[in-house]
$ cat entry-v5.cif   # mmCIF, C-alpha atoms
data_start
#
loop_
_atom_site.label_atom_id
_atom_site.label_comp_id
_atom_site.auth_asym_id
_atom_site.auth_seq_id
_atom_site.Cartn_x
_atom_site.Cartn_y
_atom_site.Cartn_z
CA MET P 1 -14.34 19.20 8.25
CA TYR P 2 -11.27 17.63 6.54
CA SER P 3 -8.27 19.71 5.51
CA ASN P 4 -6.63 17.07 3.32
CA LEU P 5 -7.57 14.25 0.98
CA VAL P 6 -5.02 11.45 0.59
CA VAL P 7 -5.40 8.62 -1.89
CA ASN P 8 -3.37 5.44 -1.67
CA GLY P 9 -3.24 2.22 -3.64
CA CYS P 10 -1.53 0.42 -6.49
CA SER P 11 -1.24 1.36 -10.17
CA TYR P 12 -5.02 1.75 -10.49
CA MET P 13 -4.99 4.55 -7.92
CA GLN P 14 -1.72 5.91 -9.27
CA ALA P 15 -3.30 6.29 -12.72
CA TYR P 16 -6.31 7.99 -11.12
CA ALA P 17 -4.00 10.42 -9.32
CA ASP P 18 -1.76 10.96 -12.36
CA GLY P 19 -4.90 12.10 -14.18
CA GLY P 20 -5.73 14.53 -11.38
CA GLY P 21 -8.71 12.52 -10.14
CA HIS P 22 -7.79 13.01 -6.50
CA CYS P 23 -7.64 16.78 -7.03
CA ASP P 24 -11.09 16.74 -8.66
CA LEU P 25 -12.49 14.62 -5.83
CA ALA P 26 -11.05 16.93 -3.19
CA LYS P 27 -12.56 19.93 -4.95
CA GLN P 28 -15.98 18.24 -5.17
CA LEU P 29 -15.83 17.38 -1.46
CA GLY P 30 -14.70 20.88 -0.49
CA ILE P 31 -11.33 19.66 0.79
CA PRO P 32 -8.61 22.24 0.08
CA ASN P 33 -5.58 19.92 -0.27
CA SER P 34 -4.99 16.58 -1.98
CA GLN P 35 -2.09 14.17 -2.15
CA SER P 36 -1.36 10.73 -3.56
CA LEU P 37 0.66 7.99 -1.85
CA ALA P 38 -0.16 5.45 -4.59
CA ILE P 39 2.62 3.38 -6.12
CA GLY P 40 2.17 0.80 -8.86
CA GLY P 41 2.71 -2.78 -7.72
CA SER P 42 1.87 -1.99 -4.10
CA ALA P 43 0.75 -4.71 -1.73
CA ASN P 44 -2.16 -4.24 0.67
CA THR P 45 0.28 -4.23 3.58
CA ARG P 46 2.03 -1.20 2.07
CA ILE P 47 -1.23 0.61 1.42
CA ILE P 48 -2.34 0.16 5.04
CA ARG P 49 1.09 0.82 6.58
CA THR P 50 1.73 4.04 4.65
CA ALA P 51 -1.81 5.36 5.21
CA LEU P 52 -1.37 4.84 8.94
CA LYS P 53 2.14 6.29 8.90
CA HIS P 54 0.91 9.36 7.04
CA SER P 55 -1.99 9.74 9.46
CA TYR P 56 0.34 9.78 12.47
CA GLN P 57 2.33 12.57 10.84
CA ALA P 58 -0.76 14.55 9.78
CA THR P 59 -1.46 17.63 11.83
CA GLU P 60 -4.97 18.22 10.47
CA PRO P 61 -8.00 15.97 9.91
CA THR P 62 -7.47 14.01 6.70
CA PHE P 63 -9.79 11.92 4.57
CA TYR P 64 -8.10 8.77 3.23
CA VAL P 65 -9.28 6.91 0.13
CA LEU P 66 -7.65 3.48 0.10
CA GLY P 67 -7.91 1.38 -3.04
CA MET P 68 -6.98 -2.13 -1.99
CA THR P 69 -5.19 -4.33 -4.48
CA PHE P 70 -4.78 -8.00 -5.33
CA LEU P 71 -4.76 -10.32 -2.33
CA SER P 72 -1.70 -12.16 -3.61
CA ARG P 73 0.67 -9.20 -3.59
CA LEU P 74 3.37 -9.24 -0.93
CA GLU P 75 6.34 -7.08 -0.05
CA VAL P 76 9.71 -7.63 1.61
CA PRO P 77 12.38 -5.14 2.77
CA ILE P 78 14.91 -5.65 -0.06
CA LEU P 79 15.72 -2.14 -1.25
CA LYS P 80 19.26 -0.93 -0.68
CA ASP P 81 18.39 2.73 -0.32
CA LEU P 82 16.16 3.65 2.54
CA SER P 83 13.26 5.96 1.81
CA GLU P 84 12.43 7.94 4.93
CA PHE P 85 8.71 7.39 4.39
CA GLU P 86 8.56 4.04 2.53
CA GLY P 87 11.45 2.29 4.24
CA ARG P 88 13.15 -0.55 2.34
CA TRP P 89 9.91 -2.33 1.42
CA ALA P 90 9.17 -3.44 -2.14
CA ASN P 91 7.17 -6.05 -4.00
CA PRO P 92 9.85 -8.25 -5.63
CA GLN P 93 7.53 -8.77 -8.59
CA ASN P 94 7.48 -5.02 -9.26
CA GLN P 95 10.36 -4.58 -11.67
CA GLU P 96 10.20 -0.78 -11.33
CA PHE P 97 12.40 -1.13 -8.23
CA LYS P 98 14.85 -3.66 -9.72
CA GLU P 99 17.73 -1.17 -9.83
CA ARG P 100 17.25 -0.43 -6.14
CA TRP P 101 17.37 -4.03 -4.87
CA GLU P 102 20.05 -4.94 -2.35
CA HIS P 103 23.15 -6.38 -4.03
CA ASN P 104 22.29 -9.85 -2.75
CA TRP P 105 18.71 -9.88 -4.15
CA THR P 106 18.54 -11.20 -7.70
CA GLU P 107 15.96 -11.98 -10.37
CA GLU P 108 16.38 -15.62 -9.37
CA ASP P 109 15.38 -14.68 -5.82
CA SER P 110 12.27 -12.98 -7.18
CA LYS P 111 11.40 -16.06 -9.24
CA LEU P 112 11.88 -18.32 -6.19
CA PHE P 113 9.83 -15.89 -4.08
CA VAL P 114 6.98 -16.10 -6.58
CA GLU P 115 7.23 -19.90 -6.84
CA ILE P 116 7.03 -20.37 -3.08
CA LYS P 117 4.30 -17.74 -2.80
CA LEU P 118 2.21 -19.55 -5.41
CA LYS P 119 2.53 -22.84 -3.51
CA THR P 120 1.23 -21.24 -0.33
CA GLU P 121 -1.55 -19.30 -2.03
CA VAL P 122 -3.40 -22.23 -3.51
CA TYR P 123 -5.03 -23.33 -0.27
CA SER P 124 -4.87 -20.14 1.77
CA ILE P 125 -7.23 -17.65 0.13
CA LEU P 126 -9.73 -17.62 3.01
CA ASP P 127 -6.98 -17.31 5.63
CA ARG P 128 -5.30 -14.43 3.80
CA LEU P 129 -8.64 -12.74 3.16
CA GLU P 130 -9.53 -12.94 6.85
CA ASP P 131 -6.13 -11.49 7.77
CA LEU P 132 -6.65 -8.61 5.34
CA GLN P 133 -10.17 -8.05 6.67
CA TYR P 134 -8.88 -7.54 10.20
CA ARG P 135 -6.02 -5.35 9.04
CA ILE P 136 -8.49 -3.12 7.18
CA LEU P 137 -10.88 -3.02 10.14
CA SER P 138 -8.01 -2.10 12.46
CA CYS P 139 -6.87 0.63 10.07
CA ILE P 140 -10.39 2.07 9.81
CA HIS P 141 -10.83 2.05 13.58
CA ASP P 142 -7.44 3.66 14.16
CA LEU P 143 -7.97 6.42 11.60
CA ARG P 144 -11.48 7.26 12.77
CA SER P 145 -10.53 7.20 16.46
CA ARG P 146 -8.01 9.98 15.78
CA GLY P 147 -10.40 12.21 13.84
CA HIS P 148 -9.58 11.13 10.29
CA GLY P 149 -12.03 9.79 7.74
CA VAL P 150 -11.53 6.81 5.48
CA LEU P 151 -13.10 5.09 2.51
CA VAL P 152 -11.81 1.65 1.59
CA TYR P 153 -12.69 -0.06 -1.67
CA GLN P 154 -11.45 -2.66 -4.07
#
$ encode --input "entry-v5.cif" --output "C-alpha cells"
Amino acid sequence: MYSNLVVNGCSYMQAYADGGGHCDLAKQLGIPNSQSLAIGGSANTRIIRTALKHSYQATEPTFYVLGMTFLSRLEVPILKDLSEFEGRWANPQNQEFKERWEHNWTEEDSKLFVEIKLKTEVYSILDRLEDLQYRILSCIHDLRSRGHGVLVYQ
C-alpha cells in the first residue's frame, strides 16, 4: 500500500534512524523505501512543516512516523545559508547550527530568546498544548486526505 516510510522528529528519532531503526520498521511493514528527516533539537513546528512539505513533494503513497518533541522548543529563521528543503529555520538553543547563524544573531540573542521564552511559558502550557493539538490534527487530516498514512507519538 505504501511505497515509502519517512520518520521525522528530534534527536530521539535521529538516534533511532542512525541505528537503522526506520529501515527495520519499513522492512517489517513491507515498505520498500525508508528515509529520515529527523534533526536533533527540532521543534514541533519543524517536524510538522517538513513532514507536510515532504508529503507535497512525494509522488507515491508514504507512511509518516512523527515523533513529537518537547512543547517548549521553538524555531526562528536565523540561518544565513538557505537550505532548499529546511529553509532558514533553526532552534536558537540548538548549538549545532551556531556556525550557520546570520551575522547579526549572537549567543546573547539566544540567551535573551530563552529568557523571554521562559517568561511566556510559565502560564501558557495549556494554550501551547491546544495549539499543538490542532496543528497535529490538521497535519494528520491533510496527510490522510492525500493518500498518505501517519503515526504520531511522543
$ atom_distance --input "entry-v5.cif" --atom1 "atom CA of Ile116 of chain P" --atom2 "atom CA of Asp131 of chain P"
19.2 Å
$ resolve_selection --input "entry-v5.cif" --expression "the PyMOL selection byres ((chain P and resi 42-51) around 7)" --output "PyMOL selection string"
chain P and resi 8-10+39-41+52-55+68-69+73-75+91+139
$ residues_around --input "entry-v5.cif" --residues "segment 20-22 of chain P" --least-positions-apart "3" --cutoff "12 Å" --atoms "all atoms listed in the file" --output "list in words"
Asn4, Leu5, Val6, Val7, Asn8, Tyr12, Met13, Gln14, Ala15, Tyr16, Ala17, Leu25, Ala26, Lys27, Gln28, Leu29, Ile31, Pro32, Asn33, Ser34, Gln35, Ser36, Leu37, Ala38, Phe63, Tyr64, Val65 and Leu66 of chain P
$ closest_residue --input "entry-v5.cif" --among "P:Arg135, P:Asp142, P:Tyr123, P:Ser11" --to "Gly67 of chain P" --atoms "all atoms listed in the file"
P:Ser11
$ resolve_selection --input "entry-v5.cif" --expression "the PyMOL selection byres ((chain P and resi 98-106) around 7)" --output "short mmCIF file (atom, residue, chain, number, x, y, z; two decimals) with C-alpha atoms, keeping the file's coordinate frame"
data_model
loop_
_atom_site.label_atom_id
_atom_site.label_comp_id
_atom_site.auth_asym_id
_atom_site.auth_seq_id
_atom_site.Cartn_x
_atom_site.Cartn_y
_atom_site.Cartn_z
CA ILE P 78 14.91 -5.65 -0.06
CA LEU P 79 15.72 -2.14 -1.25
CA LYS P 80 19.26 -0.93 -0.68
CA ASP P 81 18.39 2.73 -0.32
CA GLN P 95 10.36 -4.58 -11.67
CA GLU P 96 10.20 -0.78 -11.33
CA PHE P 97 12.40 -1.13 -8.23
CA GLU P 107 15.96 -11.98 -10.37
CA GLU P 108 16.38 -15.62 -9.37
CA ASP P 109 15.38 -14.68 -5.82
CA SER P 110 12.27 -12.98 -7.18
#
$ closest_residue --input "entry-v5.cif" --among "P:Leu126, P:Pro61, P:Gln93, P:Ser72" --to "Ser145 of chain P" --atoms "all atoms listed in the file"
P:Pro61
$ atom_distance --input "entry-v5.cif" --atom1 "atom CA of Lys111 of chain P" --atom2 "atom CA of Trp89 of chain P"
17.4 Å
$ atom_distance --input "entry-v5.cif" --atom1 "atom CA of Gly30 of chain P" --atom2 "atom CA of Glu86 of chain P"
28.9 Å
$ resolve_selection --input "entry-v5.cif" --expression "the PyMOL selection byres ((chain P and resi 59) around 12)" --output "NGL selection string"
:P and (2-4 or 54-58 or 60-62 or 146-148)
$ closest_residue --input "entry-v5.cif" --among "P:Val152, P:Leu129, P:Val76, P:Met1" --to "Phe113 of chain P" --atoms "only C-alpha atoms"
P:Val76
$ axis_aligned_box --input "entry-v5.cif" --around "segment 80-98 of chain P" --padding-each-side "4 Å" --output "lines of an AutoDock Vina configuration file"
center_x = 13.2
center_y = -0.4
center_z = -3.4
size_x = 20.1
size_y = 24.7
size_z = 24.6
